[in-house]
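Beneath this line is the structure, given in structure tokens, with notes to follow.
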Amino acid sequence: MPEKMPPIEKVYEAYSAIADNRVMMHDAYALVKSSDGRKTYEVSWNGDVFASSDNATYWQGYPGYPVIAVLMLKGKLPFRKESAEKMKNIPWKKWNDQYRRDYAAAAQHVFQELEEKGIDTEKIRVDAEAVMETLSAMNLTVKRGRLKHSE
């Protein structure tokens with residue numbers, strides 16, 4: 001298990017990043033654009049050690065949405081395309097700022113908007129719980145910044 005677990009809302013943000021094609025995978029690293037397109041985060045890995053320049057990973061010490069998205073694309077976390085597609089084009093930066101980093105409130109706002117559009121959000125929530133359960137069972141180390149090849 002990672003030393004510190006992320007809030008489940010980071011799974012929703014990872015879904016959006018993948019659905020929006022904001023994750024560019026390479027051999028030992030990935031570049032992940034923020035939802036507003038203003039920042040690009042680098043996620044690097046060596047085995048089960050992951051590092052990222054996103055704020056959650058760097059400052060909070062838990063796997064942020066860029067790390068979670070990469071783990072999904074590498075097949076290490078469950079990923080259901082249908083759930084991710086429902087999370088497409090969500091301005092997470094805007095909502096996280098508006099709700100002052102209260103990620104649960106931001107996600108509640110997003111889910112309310114989705115439901116008003118007739119999108120059933122229950123399966124998204126169930127899928128996210130499965131991601132969290134798998135993540136909690138992983139032997140994963142999270143580091144700040146960038147990995148050197150010797151780490």
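Chain labels A, B, ... are given in the sequence in which chains occur in the structure tokens; within each chain residues are numbered consecutively from 1, and ligands are likewise numbered from 1 in the order shown.
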
Can you pull out every residue within 8 Å of region 50-53 of chain A, counting only C-alpha atoms, but drop anything in the same chain fewer than 2 positions away, and send it as a PyMOL selection string? chain A and resi 41-48+55+57-58+66-67+140-147

Can you check which residues of chain A DSSP gives as strand (DSSP E) on the backbone and send them as a ChimeraX atom specification? /A:23-25,29-33,40-46,49-52,141-144

Excluding Ala69 (chain A) and its own-chain neighbours fewer than 4 positions away, which residues fall within 7 Å of it when counting only C-alpha atoms? Please give them as a PyMOL selection string. chain A and resi 14-15+18+65+73

If you run DSSP over the backbone, which residues in chain A end up alpha helix (DSSP H)? Put them as a VMD selection string. chain A and resid 9 to 19 55 65 to 73 81 to 86 92 to 98 103 to 116 122 to 137

Might you pull out every residue within 9 Å of Ser35 (chain A), with only C-alpha atoms counted and same-chain residues fewer than 2 positions away left off, and present them as a PyMOL selection string? chain A and resi 13+16-17+20+22+33+37-39+89-94

When you look at region 4-8 of chain A with a cut-off of 7 Å (counting only C-alpha atoms), what residues show up, excluding the ones that are within fewer than 6 positions of it in the same chain? I need them as number ranges by chain. A: 61-64, 128, 132

What's around Ala106 (chain A) at 10 Å? Count only C-alpha atoms, leave out sequence neighbours fewer than 2 positions away in its own chain, and write the answer as a PyMOL selection string. chain A and resi 9+92-104+108-112

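The space separating CA of Leu71 (chain A) from CA of Glu113 (chain A) comes to 27.4 Å.
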
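Excluding Thr121 (chain A) itself and same-chain residues fewer than 3 positions from it, the residues having an atom within 12 Å of it are Tyr12, Glu82, Ser83, Ala84, Glu85, Lys86, Met87, Ala107, Gln108, Val110, Phe111, Gln112, Glu113, Leu114, Glu115, Glu116, Lys117, Gly118, Ile124, Arg125, Val126, Asp127 and Ala128 of chain A, counting only C-alpha atoms.
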
When you draw a straight line from CA of Asp27 (chain A) to CA of Thr40 (chain A), how long is it in Å? 17.4 Å

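When CA of Val32 (chain A) is paired with CA of Ala19 (chain A), their separation reads 12.1 Å.
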
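The nearest approach to Leu135 (chain A) among the residues A:Asn21, A:Ala56, A:Lys76, A:Asp36, with only C-alpha atoms taken into account, belongs to A:Lys76.
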